[in-house]
$ cat final.tsv   # TSV, C-alpha atoms
chain	number	residue	atom	x	y	z
U	1	MET	CA	6.72	24.88	-27.25
U	2	GLN	CA	5.96	22.97	-24.05
U	3	PHE	CA	3.94	19.77	-24.36
U	4	HIS	CA	4.45	18.44	-20.85
U	5	LEU	CA	3.07	19.88	-17.62
U	6	SER	CA	5.40	19.31	-14.70
U	7	PHE	CA	5.15	20.65	-11.18
U	8	PRO	CA	7.34	20.58	-8.07
U	9	VAL	CA	6.87	17.75	-5.60
U	10	ASP	CA	7.48	18.47	-1.93
U	11	THR	CA	10.32	16.45	-0.41
U	12	LEU	CA	9.75	14.86	2.99
U	13	GLU	CA	11.90	16.46	5.67
U	14	ASN	CA	12.65	13.13	7.35
U	15	GLY	CA	12.14	10.64	4.57
U	16	ILE	CA	11.51	6.92	4.70
U	17	GLN	CA	14.69	4.98	5.38
U	18	TYR	CA	15.92	1.45	5.87
U	19	GLY	CA	15.17	0.34	9.39
U	20	ASP	CA	11.77	2.07	9.39
U	21	GLN	CA	8.63	-0.02	9.81
U	22	LEU	CA	5.97	0.73	7.19
U	23	LEU	CA	2.27	-0.09	7.02
U	24	LEU	CA	0.53	0.63	3.72
U	25	MET	CA	-3.25	0.54	3.39
U	26	GLY	CA	-5.84	1.48	0.82
U	27	SER	CA	-6.54	0.98	-2.84
U	28	CYS	CA	-4.78	-1.27	-5.32
U	29	PHE	CA	-2.36	1.57	-6.08
U	30	ALA	CA	-1.10	1.24	-2.50
U	31	GLU	CA	-0.21	-2.35	-3.35
U	32	GLU	CA	1.71	-1.30	-6.47
U	33	ILE	CA	3.94	1.10	-4.52
U	34	GLY	CA	4.04	-1.25	-1.54
U	35	ARG	CA	5.40	-4.07	-3.69
U	36	LYS	CA	8.12	-1.73	-4.97
U	37	LEU	CA	9.15	-0.98	-1.37
U	38	GLU	CA	8.93	-4.65	-0.43
U	39	ALA	CA	11.05	-5.71	-3.41
U	40	ASN	CA	13.71	-3.26	-2.26
U	41	PHE	CA	13.81	-4.85	1.21
U	42	PHE	CA	11.97	-2.21	3.21
U	43	ASN	CA	10.19	-3.50	6.31
U	44	THR	CA	6.73	-3.32	4.77
U	45	LEU	CA	3.27	-4.69	5.57
U	46	ILE	CA	0.73	-4.14	2.80
U	47	ASN	CA	-3.05	-4.12	3.19
U	48	PRO	CA	-3.63	-6.53	6.11
U	49	HIS	CA	-7.38	-6.30	5.37
U	50	GLY	CA	-6.83	-6.58	1.64
U	51	ILE	CA	-7.62	-3.75	-0.77
U	52	LEU	CA	-9.80	-1.05	0.81
U	53	PHE	CA	-11.22	1.79	-1.24
U	54	ASN	CA	-13.09	4.24	0.96
U	55	PRO	CA	-11.71	6.13	3.99
U	56	LEU	CA	-14.31	4.78	6.43
U	57	SER	CA	-13.34	1.17	5.72
U	58	ILE	CA	-9.68	2.12	6.19
U	59	THR	CA	-10.34	3.86	9.52
U	60	HIS	CA	-12.47	0.91	10.64
U	61	ALA	CA	-9.61	-1.48	9.86
U	62	LEU	CA	-7.16	0.72	11.79
U	63	THR	CA	-9.56	0.74	14.73
U	64	THR	CA	-9.66	-3.08	14.78
U	65	TYR	CA	-5.85	-3.12	15.00
U	66	LEU	CA	-5.82	-0.59	17.83
U	67	ASP	CA	-8.56	-2.53	19.64
U	68	GLY	CA	-6.82	-5.89	19.15
U	69	LYS	CA	-10.00	-7.29	17.62
U	70	VAL	CA	-10.20	-11.05	17.12
U	71	TYR	CA	-12.65	-12.07	14.43
U	72	THR	CA	-15.06	-14.95	15.07
U	73	LYS	CA	-17.50	-16.90	12.96
U	74	ASN	CA	-20.17	-14.36	13.89
U	75	ASP	CA	-18.21	-11.84	11.79
U	76	LEU	CA	-18.48	-14.01	8.68
U	77	PHE	CA	-21.32	-14.71	6.27
U	78	PHE	CA	-21.88	-17.45	3.72
U	79	HIS	CA	-22.47	-16.70	0.05
U	80	ASP	CA	-21.90	-18.64	-3.16
U	81	ASP	CA	-20.30	-21.61	-1.35
U	82	ARG	CA	-17.72	-19.44	0.41
U	83	TRP	CA	-17.32	-17.66	3.73
U	84	HIS	CA	-16.64	-13.92	3.62
U	85	SER	CA	-16.05	-10.94	5.88
U	86	TRP	CA	-17.73	-7.60	5.14
U	87	ASP	CA	-14.61	-5.90	6.51
U	88	HIS	CA	-12.15	-7.69	4.24
U	89	HIS	CA	-11.22	-8.14	0.62
U	90	SER	CA	-12.28	-11.38	-1.08
U	91	ARG	CA	-8.68	-12.64	-0.98
U	92	PHE	CA	-9.54	-13.82	2.54
U	93	SER	CA	-12.70	-15.68	1.47
U	94	GLY	CA	-12.77	-19.47	1.43
U	95	ALA	CA	-14.79	-22.65	1.78
U	96	ASP	CA	-13.57	-23.42	5.33
U	97	PRO	CA	-14.60	-20.78	7.90
U	98	ASP	CA	-11.89	-21.86	10.34
U	99	LYS	CA	-9.17	-21.30	7.74
U	100	VAL	CA	-10.72	-17.96	6.77
U	101	LEU	CA	-10.66	-16.83	10.39
U	102	GLU	CA	-7.15	-18.16	10.91
U	103	GLU	CA	-5.86	-16.10	7.99
U	104	ILE	CA	-7.82	-12.98	8.99
U	105	ASN	CA	-6.62	-13.10	12.60
U	106	ARG	CA	-3.03	-13.84	11.61
U	107	HIS	CA	-3.05	-10.62	9.57
U	108	GLN	CA	-4.78	-8.81	12.44
U	109	GLN	CA	-1.91	-9.69	14.78
U	110	GLN	CA	0.71	-8.69	12.22
U	111	ALA	CA	-1.02	-5.37	11.56
U	112	ALA	CA	-1.49	-4.55	15.25
U	113	ALA	CA	2.20	-5.18	15.94
U	114	GLN	CA	3.33	-3.23	12.87
U	115	LEU	CA	1.07	-0.28	13.67
U	116	GLU	CA	2.22	-0.16	17.29
U	117	ASN	CA	5.82	0.40	16.17
U	118	ALA	CA	5.36	1.90	12.72
U	119	ASP	CA	7.50	4.80	11.60
U	120	TRP	CA	5.26	5.40	8.58
U	121	LEU	CA	1.61	4.74	7.88
U	122	VAL	CA	0.88	5.24	4.16
U	123	LEU	CA	-2.82	5.63	3.34
U	124	THR	CA	-3.99	5.62	-0.28
U	125	LEU	CA	-7.61	6.74	-0.56
U	126	GLY	CA	-9.41	5.43	-3.62
U	127	SER	CA	-13.02	6.58	-3.51
U	128	ALA	CA	-15.33	8.70	-1.39
U	129	HIS	CA	-18.22	6.43	-2.30
U	130	ALA	CA	-19.21	4.00	0.47
U	131	TRP	CA	-21.51	0.99	0.25
U	132	HIS	CA	-23.88	-0.11	3.01
U	133	LEU	CA	-26.16	-3.08	3.51
U	134	LYS	CA	-29.79	-2.05	3.24
U	135	GLU	CA	-30.93	-4.44	5.95
U	136	ASN	CA	-28.86	-2.98	8.78
U	137	ASN	CA	-26.96	0.02	7.37
U	138	ARG	CA	-23.65	-1.82	7.81
U	139	LEU	CA	-20.62	-0.40	5.99
U	140	VAL	CA	-19.03	-2.98	3.69
U	141	ALA	CA	-15.48	-2.93	2.39
U	142	ASN	CA	-16.24	-5.40	-0.41
U	143	ASN	CA	-19.53	-6.68	-1.83
U	144	HIS	CA	-18.13	-10.18	-2.58
U	145	LYS	CA	-20.38	-10.38	-5.67
U	146	VAL	CA	-23.53	-10.29	-3.56
U	147	PRO	CA	-26.34	-8.87	-5.77
U	148	GLY	CA	-26.28	-5.10	-5.88
U	149	ASP	CA	-29.88	-4.63	-4.74
U	150	ASN	CA	-28.71	-5.60	-1.23
U	151	PHE	CA	-26.73	-2.36	-0.92
U	152	TYR	CA	-27.08	1.37	-1.20
U	153	LYS	CA	-24.25	3.69	-2.18
U	154	ARG	CA	-23.60	7.16	-0.86
U	155	LEU	CA	-20.99	9.85	-1.36
U	156	LEU	CA	-19.17	10.62	1.88
U	157	SER	CA	-18.73	14.26	2.79
U	158	ALA	CA	-15.32	15.78	3.40
U	159	GLU	CA	-16.39	16.54	6.98
U	160	GLU	CA	-17.31	12.89	7.59
U	161	ILE	CA	-13.96	11.69	6.27
U	162	ILE	CA	-12.05	14.29	8.28
U	163	THR	CA	-13.86	13.33	11.48
U	164	ALA	CA	-13.23	9.58	10.99
U	165	LEU	CA	-9.54	10.04	10.21
U	166	ASP	CA	-9.11	12.65	12.93
U	167	ASN	CA	-10.52	10.30	15.58
U	168	VAL	CA	-8.37	7.32	14.61
U	169	MET	CA	-5.24	9.47	14.32
U	170	HIS	CA	-5.66	10.82	17.84
U	171	ARG	CA	-5.85	7.25	19.13
U	172	LEU	CA	-2.86	6.22	17.04
U	173	PHE	CA	-0.69	9.16	18.12
U	174	PHE	CA	-1.44	8.34	21.75
U	175	ARG	CA	-0.21	4.76	21.22
U	176	ASN	CA	2.61	5.46	18.78
U	177	ARG	CA	4.28	8.82	19.30
U	178	LYS	CA	6.78	8.48	16.45
U	179	VAL	CA	4.51	7.49	13.56
U	180	ASN	CA	4.26	9.71	10.47
U	181	ILE	CA	1.32	9.48	8.09
U	182	LEU	CA	1.71	9.87	4.34
U	183	PHE	CA	-1.49	10.35	2.36
U	184	THR	CA	-1.96	9.70	-1.33
U	185	VAL	CA	-5.06	9.68	-3.52
U	186	SER	CA	-5.26	6.84	-6.00
U	187	PRO	CA	-5.06	7.79	-9.69
U	188	VAL	CA	-7.25	4.78	-10.55
U	189	ARG	CA	-10.46	5.98	-12.23
U	190	TYR	CA	-13.54	4.31	-10.72
U	191	ILE	CA	-15.67	4.74	-13.82
U	192	ARG	CA	-18.26	2.23	-12.60
U	193	ASP	CA	-19.42	5.08	-10.38
U	194	GLY	CA	-19.57	7.30	-13.47
U	195	VAL	CA	-16.97	9.73	-14.84
U	196	VAL	CA	-18.52	12.81	-13.24
U	197	GLU	CA	-19.10	10.91	-10.00
U	198	ASN	CA	-15.50	9.70	-9.95
U	199	ASN	CA	-14.18	13.24	-10.32
U	200	LEU	CA	-16.47	14.45	-7.56
U	201	SER	CA	-15.29	11.60	-5.35
U	202	LYS	CA	-11.63	12.44	-5.90
U	203	ALA	CA	-12.34	16.10	-5.16
U	204	VAL	CA	-13.89	15.17	-1.80
U	205	LEU	CA	-10.88	13.00	-0.92
U	206	LEU	CA	-8.43	15.75	-1.85
U	207	GLN	CA	-10.33	18.31	0.21
U	208	ALA	CA	-10.36	16.05	3.26
U	209	VAL	CA	-6.71	15.04	3.01
U	210	HIS	CA	-5.39	18.57	2.56
U	211	HIS	CA	-7.47	19.79	5.48
U	212	LEU	CA	-5.82	17.18	7.70
U	213	VAL	CA	-2.30	17.71	6.37
U	214	ASN	CA	-2.59	21.45	6.99
U	215	LYS	CA	-3.95	20.83	10.51
U	216	PHE	CA	-1.48	18.28	11.92
U	217	ALA	CA	2.26	17.89	12.13
U	218	ARG	CA	3.67	14.54	10.95
U	219	LEU	CA	1.03	14.34	8.20
U	220	TYR	CA	2.17	14.60	4.60
U	221	TYR	CA	0.74	14.39	1.10
U	222	PHE	CA	2.37	12.78	-1.92
U	223	PRO	CA	0.73	13.72	-5.26
U	224	ALA	CA	0.44	10.31	-6.93
U	225	TYR	CA	-2.96	11.31	-8.30
U	226	GLU	CA	-1.67	14.53	-9.84
U	227	LEU	CA	1.44	12.87	-11.27
U	228	VAL	CA	-0.69	10.49	-13.32
U	229	ILE	CA	-3.72	12.65	-14.10
U	230	ASP	CA	-2.04	16.04	-14.61
U	231	ASP	CA	1.62	15.27	-15.34
U	232	LEU	CA	1.45	12.16	-17.54
U	233	ARG	CA	-2.11	13.02	-18.65
U	234	ASP	CA	-2.45	10.48	-21.44
U	235	TYR	CA	-4.37	7.22	-21.90
U	236	ARG	CA	-1.20	5.51	-23.14
U	237	PHE	CA	-0.13	5.47	-19.48
U	238	PHE	CA	-3.14	3.34	-18.56
U	239	LYS	CA	-3.87	-0.34	-19.00
U	240	GLU	CA	-6.31	-1.55	-21.63
U	241	ASP	CA	-9.22	-0.91	-19.26
U	242	LEU	CA	-8.29	2.82	-19.35
U	243	VAL	CA	-8.80	2.81	-15.58
U	244	HIS	CA	-5.62	1.47	-13.96
U	245	PRO	CA	-2.20	3.10	-14.49
U	246	ASN	CA	0.11	0.80	-16.45
U	247	GLN	CA	3.60	-0.27	-15.47
U	248	GLN	CA	5.21	2.73	-17.14
U	249	ALA	CA	3.06	5.10	-15.07
U	250	ILE	CA	3.74	3.15	-11.87
U	251	ASP	CA	7.48	3.28	-12.54
U	252	TYR	CA	7.23	7.03	-13.15
U	253	VAL	CA	5.48	7.57	-9.81
U	254	TRP	CA	8.00	5.26	-8.12
U	255	ASP	CA	10.86	7.39	-9.43
U	256	LYS	CA	9.21	10.39	-7.79
U	257	VAL	CA	8.86	8.42	-4.55
U	258	LEU	CA	12.58	7.67	-4.68
U	259	GLY	CA	13.43	11.31	-5.23
U	260	HIS	CA	11.08	12.88	-2.71
U	261	CYS	CA	9.96	10.34	-0.08
U	262	LEU	CA	13.08	8.33	0.71
U	263	HIS	CA	15.81	9.57	3.00
U	264	PRO	CA	18.96	10.45	1.01
U	265	GLN	CA	21.03	8.09	3.18
U	266	SER	CA	18.94	5.15	1.97
U	267	LEU	CA	19.44	5.78	-1.74
U	268	PRO	CA	23.01	4.32	-1.98
U	269	ILE	CA	21.81	1.20	-0.15
U	270	LEU	CA	18.82	0.91	-2.49
U	271	LYS	CA	21.15	1.17	-5.49
U	272	GLN	CA	23.35	-1.63	-4.14
U	273	LEU	CA	20.34	-3.82	-3.45
U	274	SER	CA	18.93	-3.17	-6.92
U	275	GLU	CA	22.19	-4.36	-8.48
U	276	LEU	CA	22.24	-7.44	-6.25
U	277	ARG	CA	18.63	-8.29	-7.15
U	278	LYS	CA	19.51	-8.10	-10.84
U	279	ALA	CA	22.52	-10.31	-10.24
U	280	ALA	CA	20.40	-12.90	-8.44
U	281	ALA	CA	17.86	-12.90	-11.28
U	282	HIS	CA	20.50	-13.22	-14.01
U	283	ARG	CA	20.39	-16.51	-15.92
U	284	PRO	CA	23.63	-17.14	-17.86
U	285	PHE	CA	24.07	-19.53	-20.79
U	286	HIS	CA	26.69	-21.50	-18.81
U	287	PRO	CA	25.74	-21.36	-15.10
U	288	GLU	CA	28.37	-23.95	-14.24
U	289	GLY	CA	31.15	-21.90	-15.86
U	290	VAL	CA	34.07	-20.60	-13.81
U	291	ARG	CA	33.35	-16.98	-14.72
U	292	HIS	CA	29.73	-17.12	-13.54
U	293	GLN	CA	30.66	-18.99	-10.35
U	294	GLN	CA	33.22	-16.30	-9.56
U	295	PHE	CA	30.55	-13.69	-10.24
U	296	LEU	CA	28.19	-15.42	-7.78
U	297	ALA	CA	30.89	-15.60	-5.11
U	298	THR	CA	31.45	-11.85	-5.47
U	299	GLN	CA	27.73	-11.13	-5.11
U	300	VAL	CA	27.42	-13.39	-2.06
U	301	ALA	CA	30.30	-11.50	-0.44
U	302	LYS	CA	28.57	-8.17	-1.18
U	303	VAL	CA	25.34	-9.37	0.41
U	304	ARG	CA	27.21	-10.55	3.51
U	305	GLN	CA	28.92	-7.17	3.80
U	306	LEU	CA	25.56	-5.39	3.58
U	307	MET	CA	24.04	-7.71	6.18
U	308	GLU	CA	26.92	-6.95	8.54
U	309	ALA	CA	26.75	-3.19	7.96
U	310	HIS	CA	22.95	-3.04	8.08
U	311	PRO	CA	21.56	-5.80	10.30
U	312	GLU	CA	18.09	-4.22	10.03
U	313	LEU	CA	17.87	-5.43	6.42
U	314	GLN	CA	16.19	-8.79	5.91
U	315	LEU	CA	18.57	-10.08	3.23
U	316	GLN	CA	18.62	-13.78	4.06
U	317	PRO	CA	16.28	-14.69	1.15
U	318	LEU	CA	18.52	-12.81	-1.29
U	319	LEU	CA	21.61	-14.53	0.11
U	320	GLU	CA	19.98	-17.93	-0.21
U	321	GLN	CA	18.87	-17.18	-3.76
U	322	LEU	CA	22.45	-16.46	-4.78
U	323	GLN	CA	23.89	-19.40	-2.84
U	324	SER	CA	21.42	-21.81	-4.47
U	325	GLN	CA	23.09	-21.07	-7.81
U	326	GLN	CA	26.57	-21.88	-6.55
U	327	LEU	CA	28.03	-25.29	-7.30

$ encode --input "final.tsv" --output "structure tokens"
Amino acid sequence: MQFHLSFPVDTLENGIQYGDQLLLMGSCFAEEIGRKLEANFFNTLINPHGILFNPLSITHALTTYLDGKVYTKNDLFFHDDRWHSWDHHSRFSGADPDKVLEEINRHQQQAAAQLENADWLVLTLGSAHAWHLKENNRLVANNHKVPGDNFYKRLLSAEEIITALDNVMHRLFFRNRKVNILFTVSPVRYIRDGVVENNLSKAVLLQAVHHLVNKFARLYYFPAYELVIDDLRDYRFFKEDLVHPNQQAIDYVWDKVLGHCLHPQSLPILKQLSELRKAAAHRPFHPEGVRHQQFLATQVAKVRQLMEAHPELQLQPLLEQLQSQQL
């Protein structure tokens, strides 16, 4: 008897490889996979606006990068003793508006530069529900705990999402002729919207994404949503809130990313780096012992060899971590 539903995952023709520049944007699941890439020394920038859930907020953020927008105090508002931006996650909020703007605009510059030269843009769509301010119909990326009666919520249509993404992609392809776009739909269940409403929202996102992937070259879909919801298909793969995939589920999806999204030439390098990361994190009983010091010297030599063979890898922090343990 078969108790596990598996399905084939398409492999990217020209997968992600070391030396590529990556920009990941979208829901918190984008951050989970982004941190995996970052930990394995890929050139990765994750959510320069902070976590964004709906496609319109994501396309708006991309537009600000393409436009070179500089945020000013007029773009901020004051609530609950802190300054916030309706375009950004609350991680940017703070008591000093100048510091808030400094951090926002620093990320703006990083994102604009990364997008201009990106090999891969990875977009993880979380929800087709969008929130707007009642007073002026302004789209908000985060409500910053402002009372809910200040907003209205609506379900975006697939056509609206397609149009927004289509417009920003045409601008992006004109500026960056090498970029590939990888879409995923977040497996996080947004049950605050309601269970039925969440399923409807995901269906709208899937319809929009597959329309675009079938229409354009250089657009791809990775089934993170299906891997968790249809393949794993069990609440034991979720955290206690029964909403967010747990570490076991994230690791399962990451294994599929390794097998289907990374270029085969990068896998041996990733394996070497994984072993070196474990070596750097190892804490022996006798760190001053001759055996461990010889072990460290060997690992330092391996890192130097990798740095020489692959100068595109940013391995200086790993080298310094190992050297700090040497006597």

$ atom_distance --input "final.tsv" --atom1 "atom CA of U:Lys145" --atom2 "atom CA of U:His60"
21.4 Å

$ residues_around --input "final.tsv" --residues "U:His107" --least-positions-apart "3" --cutoff "8 Å" --atoms "all atoms listed in the file" --output "PyMOL selection string"
chain U and resi 48-49+103-104+110-111

$ closest_residue --input "final.tsv" --among "U:Leu242, U:Leu182, U:Leu313, U:Val196" --to "U:Gly15" --atoms "only C-alpha atoms"
U:Leu182

$ atom_distance --input "final.tsv" --atom1 "atom CA of U:Gln326" --atom2 "atom CA of U:Ala297"
7.8 Å

$ residues_around --input "final.tsv" --residues "stretch 77-89 of chain U" --least-positions-apart "5" --cutoff "7 Å" --atoms "all atoms listed in the file" --output "list in words"
His49, Gly50, Ile51, Gly94, Ala95, Pro97, Val140, Ala141 and Asn142 of chain U

$ build_atoms --input "final.tsv" --residues "stretch 193-204 of chain U" --atoms "N, CA and C atoms" --output "PDB file, keeping the file's coordinate frame"
ATOM      1  N   ASP U 193     -18.604   4.084 -11.077  1.00  0.00           N
ATOM      2  CA  ASP U 193     -19.420   5.080 -10.380  1.00  0.00           C
ATOM      3  C   ASP U 193     -19.918   6.146 -11.337  1.00  0.00           C
ATOM      4  N   GLY U 194     -19.289   6.234 -12.530  1.00  0.00           N
ATOM      5  CA  GLY U 194     -19.570   7.300 -13.470  1.00  0.00           C
ATOM      6  C   GLY U 194     -18.390   8.260 -13.517  1.00  0.00           C
ATOM      7  N   VAL U 195     -18.131   8.842 -14.682  1.00  0.00           N
ATOM      8  CA  VAL U 195     -16.970   9.730 -14.840  1.00  0.00           C
ATOM      9  C   VAL U 195     -17.130  10.977 -13.976  1.00  0.00           C
ATOM     10  N   VAL U 196     -18.288  11.615 -14.048  1.00  0.00           N
ATOM     11  CA  VAL U 196     -18.520  12.810 -13.240  1.00  0.00           C
ATOM     12  C   VAL U 196     -18.462  12.456 -11.757  1.00  0.00           C
ATOM     13  N   GLU U 197     -19.083  11.339 -11.391  1.00  0.00           N
ATOM     14  CA  GLU U 197     -19.100  10.910 -10.000  1.00  0.00           C
ATOM     15  C   GLU U 197     -17.696  10.586  -9.497  1.00  0.00           C
ATOM     16  N   ASN U 198     -16.873   9.999 -10.348  1.00  0.00           N
ATOM     17  CA  ASN U 198     -15.500   9.700  -9.950  1.00  0.00           C
ATOM     18  C   ASN U 198     -14.730  10.986  -9.664  1.00  0.00           C
ATOM     19  N   ASN U 199     -14.885  11.979 -10.537  1.00  0.00           N
ATOM     20  CA  ASN U 199     -14.180  13.240 -10.320  1.00  0.00           C
ATOM     21  C   ASN U 199     -14.658  13.938  -9.052  1.00  0.00           C
ATOM     22  N   LEU U 200     -15.946  13.867  -8.795  1.00  0.00           N
ATOM     23  CA  LEU U 200     -16.470  14.450  -7.560  1.00  0.00           C
ATOM     24  C   LEU U 200     -15.909  13.719  -6.341  1.00  0.00           C
ATOM     25  N   SER U 201     -15.841  12.404  -6.429  1.00  0.00           N
ATOM     26  CA  SER U 201     -15.290  11.600  -5.350  1.00  0.00           C
ATOM     27  C   SER U 201     -13.842  11.965  -5.058  1.00  0.00           C
ATOM     28  N   LYS U 202     -13.039  12.073  -6.101  1.00  0.00           N
ATOM     29  CA  LYS U 202     -11.630  12.440  -5.900  1.00  0.00           C
ATOM     30  C   LYS U 202     -11.505  13.829  -5.282  1.00  0.00           C
ATOM     31  N   ALA U 203     -12.380  14.747  -5.696  1.00  0.00           N
ATOM     32  CA  ALA U 203     -12.340  16.100  -5.160  1.00  0.00           C
ATOM     33  C   ALA U 203     -12.623  16.092  -3.653  1.00  0.00           C
ATOM     34  N   VAL U 204     -13.573  15.267  -3.224  1.00  0.00           N
ATOM     35  CA  VAL U 204     -13.890  15.170  -1.800  1.00  0.00           C
ATOM     36  C   VAL U 204     -12.686  14.618  -1.031  1.00  0.00           C
TER      37      VAL U 204
END
